[in-house]
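Q: Okay, here's the structure, questions in a sec.
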Amino acid sequence: MQTPATTKSEIMLEGFIDYAGLYPPANLEMQPVVNNWSSFLQSDDHWMLARLIIPANRLDEFKSAAVDLLPKQGEEMWQLSVLLPPACSEHFESALQSVIEFNMDSCGAVANVIEFKADTTSEIDSALSMLHDDLFPYIELPIVEDPRGLIACLSGAIAGAKVRTGGIEREMYPSSQTLSRFIHSCAIAGQSFKATAGMHHPCQHQNDSVGVLEFGFLSVLQATAAASVGNASVEEVEQILNTPFSDFSEFTECQLEQVRAELFNSLGTCSFDDSREDLRGMGLLKDST
């Protein structure tokens with residue numbers, strides 16, 4: 001049985017990483033991805049992992065690649081988050097049905113989270129009306145314009161928001177003003193969210209291949225805590241995002257636990273190794289044995 005998190009670093013990082021090795025810039029094939037996931041789950045750092053990200057149209061491929069690695073009956077099942085087409089797509093409903101059918105076939109993995117894009121309140125409402133009770137959705141929202149109306153649409157629903165924080169092109173990275181507005185809006189509304197892409201590192205990182213200074217995921221966590229616990233303004237949240245290093249000294253363990261549970265739930269990244277190597281270098285992870 002896993003020991004409950006007790007230190008600040010454990011509370012901040014427990015069940016935090018969703019592994020998305022199929023996606024850029026890693027762009028791995030399915031077999032290396034499931035091999036990596038199996039290896040990660042057996043490592044000393046397994047407690048930081050949440051879910052493996054698989055697109056709906058590759059679930060059968062996943063089962064074939066993982067057949068010899070999946071847990072046996074009675075063992076803890078692999079947790080998956082499945083990417084669906086956008087809510088406006090004609091393929092959305094059939095992809096959703098494929099997830100339901102996947103879960104009916106007890107294979108050692110369960111898809112209990114789904115992720116998809118929605119640009120309007122009507123798209124959000126329509127998609128939510130189709131969802132199976134056992135699936136928790138993270139809905140990727142556009143944030144260039146003020147997202148508060150879309151965030152309000154999620155209020156009262158059993159759903160999380162999703163924000164894209166980077167990608168393979170410079171234009172895919174939000175400005176610090178845009179991201180700070182999203183974080184602040186979620187904190188004020190009490191809306192849970194996950195972030196994805198462009199944040200492989202805990203602190204600011206210069207991505208020379210794209211030519212952009214990436215946000216650090218610990219900075220996003222600190223900014224979220226400041227907005228929620230410390231009533232920080234949008235401007236103060238932005239200042240934290242633009243700070244090279246994070247400082248959690250003003251927050252208690254209980255406050256951080258609440259922020260993780262109720263606001264910043266998880267981070268999707270194609271590189272677990274980059275994240276944990278940096279964290280180990282910062283002294284937030286013990287050296288592997």
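By order in the structure tokens, chains are A, B, ...; within a chain, residues start at 1; ligands start at 1, following the order shown.
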Set out as CSV a contact list for range 1-92 of chain A and range 98-120 of chain A with a cut-off of 6 Å, giving each residue of range 1-92 of chain A that qualifies its closest atom pair and distance in Å to one decimal, counting only C-alpha atoms, ordered by chain and rising residue number.
A:
```
residue,atom,partner,partner_atom,distance
A:Leu70,CA,A:Gly108,CA,5.3
A:Pro71,CA,A:Gly108,CA,5.1
A:Met77,CA,A:Ala109,CA,5.0
A:Trp78,CA,A:Ala109,CA,4.4
A:Gln79,CA,A:Val110,CA,5.4
A:Leu80,CA,A:Ala111,CA,4.5
A:Ser81,CA,A:Val113,CA,4.5
A:Val82,CA,A:Ile114,CA,4.7
A:Leu83,CA,A:Glu115,CA,4.8
A:Leu84,CA,A:Phe116,CA,5.2
A:Pro86,CA,A:Lys117,CA,4.6
A:Ala87,CA,A:Ala118,CA,5.4
```
Q: Could those residues be written to a file, using N, CA, C and O atoms, as a PDB file, in the first residue's frame?
A:
```pdb
ATOM      1  N   LEU A  70      -0.070  -5.659 -18.975  1.00  0.00           N
ATOM      2  CA  LEU A  70      -1.202  -5.217 -18.157  1.00  0.00           C
ATOM      3  C   LEU A  70      -1.296  -6.009 -16.858  1.00  0.00           C
ATOM      4  O   LEU A  70      -0.934  -7.187 -16.810  1.00  0.00           O
ATOM      5  N   PRO A  71      -1.784  -5.373 -15.799  1.00  0.00           N
ATOM      6  CA  PRO A  71      -1.932  -6.064 -14.516  1.00  0.00           C
ATOM      7  C   PRO A  71      -2.875  -7.266 -14.640  1.00  0.00           C
ATOM      8  O   PRO A  71      -3.811  -7.260 -15.441  1.00  0.00           O
ATOM      9  N   MET A  77      -5.378  -1.763 -11.518  1.00  0.00           N
ATOM     10  CA  MET A  77      -5.504  -1.559 -12.952  1.00  0.00           C
ATOM     11  C   MET A  77      -4.772  -0.298 -13.403  1.00  0.00           C
ATOM     12  O   MET A  77      -4.625   0.655 -12.637  1.00  0.00           O
ATOM     13  N   TRP A  78      -4.300  -0.301 -14.641  1.00  0.00           N
ATOM     14  CA  TRP A  78      -3.758   0.911 -15.228  1.00  0.00           C
ATOM     15  C   TRP A  78      -4.896   1.916 -15.427  1.00  0.00           C
ATOM     16  O   TRP A  78      -6.001   1.553 -15.854  1.00  0.00           O
ATOM     17  N   GLN A  79      -4.598   3.177 -15.140  1.00  0.00           N
ATOM     18  CA  GLN A  79      -5.575   4.245 -15.304  1.00  0.00           C
ATOM     19  C   GLN A  79      -5.289   4.983 -16.617  1.00  0.00           C
ATOM     20  O   GLN A  79      -4.168   5.444 -16.842  1.00  0.00           O
ATOM     21  N   LEU A  80      -6.306   5.111 -17.461  1.00  0.00           N
ATOM     22  CA  LEU A  80      -6.162   5.797 -18.734  1.00  0.00           C
ATOM     23  C   LEU A  80      -7.017   7.051 -18.784  1.00  0.00           C
ATOM     24  O   LEU A  80      -8.093   7.111 -18.184  1.00  0.00           O
ATOM     25  N   SER A  81      -6.539   8.036 -19.528  1.00  0.00           N
ATOM     26  CA  SER A  81      -7.356   9.166 -19.951  1.00  0.00           C
ATOM     27  C   SER A  81      -7.393   9.113 -21.474  1.00  0.00           C
ATOM     28  O   SER A  81      -6.350   9.034 -22.119  1.00  0.00           O
ATOM     29  N   VAL A  82      -8.584   9.140 -22.032  1.00  0.00           N
ATOM     30  CA  VAL A  82      -8.748   8.945 -23.473  1.00  0.00           C
ATOM     31  C   VAL A  82      -9.112  10.265 -24.145  1.00  0.00           C
ATOM     32  O   VAL A  82     -10.033  10.972 -23.720  1.00  0.00           O
ATOM     33  N   LEU A  83      -8.357  10.597 -25.199  1.00  0.00           N
ATOM     34  CA  LEU A  83      -8.624  11.802 -25.972  1.00  0.00           C
ATOM     35  C   LEU A  83      -9.681  11.532 -27.025  1.00  0.00           C
ATOM     36  O   LEU A  83      -9.547  10.606 -27.826  1.00  0.00           O
ATOM     37  N   LEU A  84     -10.723  12.343 -27.016  1.00  0.00           N
ATOM     38  CA  LEU A  84     -11.808  12.245 -27.982  1.00  0.00           C
ATOM     39  C   LEU A  84     -11.671  13.348 -29.030  1.00  0.00           C
ATOM     40  O   LEU A  84     -10.983  14.351 -28.805  1.00  0.00           O
ATOM     41  N   PRO A  86     -12.995  16.706 -31.050  1.00  0.00           N
ATOM     42  CA  PRO A  86     -13.697  17.875 -30.498  1.00  0.00           C
ATOM     43  C   PRO A  86     -15.196  17.620 -30.360  1.00  0.00           C
ATOM     44  O   PRO A  86     -15.771  16.811 -31.103  1.00  0.00           O
ATOM     45  N   ALA A  87     -15.821  18.314 -29.427  1.00  0.00           N
ATOM     46  CA  ALA A  87     -17.251  18.123 -29.180  1.00  0.00           C
ATOM     47  C   ALA A  87     -18.092  18.406 -30.421  1.00  0.00           C
ATOM     48  O   ALA A  87     -19.172  17.841 -30.580  1.00  0.00           O
TER      49      ALA A  87
END
```
Q: Please provide as a list of chain:residue names all residues within 8 Å of Asn35 in chain A, with the sequence filter that same-chain residues fewer than 4 positions apart are discarded (counting only C-alpha atoms).
A: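 Using only C-alpha atoms, the neighbours found are A:Gln31, A:Ser39, A:Ala66, A:Leu69.
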Q: What lies within 10 Å of Thr7 in chain A using only C-alpha atoms, ignoring chain neighbours under 4 positions off, as a list in words?
A: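 Here the qualifying residues turn out to be Ile11, Met12, Glu253 and Leu284 of chain A.
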Q: Filtering to all heavy atoms, could you give me those residues as a PDB file, in the first residue's frame?
A:
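Saved result, result-v3.pdb, follows:
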```pdb
ATOM      1  N   ILE A  11       2.925  16.185  -1.457  1.00  0.00           N
ATOM      2  CA  ILE A  11       1.561  16.687  -1.626  1.00  0.00           C
ATOM      3  C   ILE A  11       1.414  17.395  -2.961  1.00  0.00           C
ATOM      4  O   ILE A  11       0.408  17.230  -3.667  1.00  0.00           O
ATOM      5  CB  ILE A  11       1.197  17.629  -0.456  1.00  0.00           C
ATOM      6  CG1 ILE A  11       1.030  16.822   0.839  1.00  0.00           C
ATOM      7  CG2 ILE A  11      -0.077  18.415  -0.767  1.00  0.00           C
ATOM      8  CD1 ILE A  11       0.964  17.665   2.080  1.00  0.00           C
ATOM      9  N   MET A  12       2.415  18.169  -3.346  1.00  0.00           N
ATOM     10  CA  MET A  12       2.346  18.908  -4.603  1.00  0.00           C
ATOM     11  C   MET A  12       2.372  17.988  -5.812  1.00  0.00           C
ATOM     12  O   MET A  12       1.762  18.295  -6.845  1.00  0.00           O
ATOM     13  CB  MET A  12       3.513  19.902  -4.692  1.00  0.00           C
ATOM     14  CG  MET A  12       3.421  21.062  -3.728  1.00  0.00           C
ATOM     15  SD  MET A  12       4.704  22.322  -4.008  1.00  0.00           S
ATOM     16  CE  MET A  12       6.211  21.405  -3.700  1.00  0.00           C
ATOM     17  N   GLU A 253       0.734  22.643   4.224  1.00  0.00           N
ATOM     18  CA  GLU A 253       0.478  21.371   3.545  1.00  0.00           C
ATOM     19  C   GLU A 253      -1.005  21.201   3.232  1.00  0.00           C
ATOM     20  O   GLU A 253      -1.375  20.750   2.145  1.00  0.00           O
ATOM     21  CB  GLU A 253       0.982  20.197   4.407  1.00  0.00           C
ATOM     22  CG  GLU A 253       2.477  20.027   4.432  1.00  0.00           C
ATOM     23  CD  GLU A 253       3.151  20.904   5.492  1.00  0.00           C
ATOM     24  OE1 GLU A 253       2.458  21.770   6.082  1.00  0.00           O
ATOM     25  OE2 GLU A 253       4.370  20.733   5.725  1.00  0.00           O
ATOM     26  N   LEU A 284      13.643  17.984  -4.645  1.00  0.00           N
ATOM     27  CA  LEU A 284      12.257  17.677  -4.319  1.00  0.00           C
ATOM     28  C   LEU A 284      11.953  16.182  -4.449  1.00  0.00           C
ATOM     29  O   LEU A 284      10.916  15.727  -3.989  1.00  0.00           O
ATOM     30  CB  LEU A 284      11.307  18.473  -5.214  1.00  0.00           C
ATOM     31  CG  LEU A 284      11.349  19.994  -5.029  1.00  0.00           C
ATOM     32  CD1 LEU A 284      10.397  20.674  -5.995  1.00  0.00           C
ATOM     33  CD2 LEU A 284      11.012  20.370  -3.600  1.00  0.00           C
TER      34      LEU A 284
END
```
Q: Quick check, in Å to one decimal: how far apart do CA of Ile54 in chain A and CA of Pro85 in chain A lie?
A: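 Atom-to-atom, CA of Ile54 in chain A and CA of Pro85 in chain A are spaced 12.1 Å apart.
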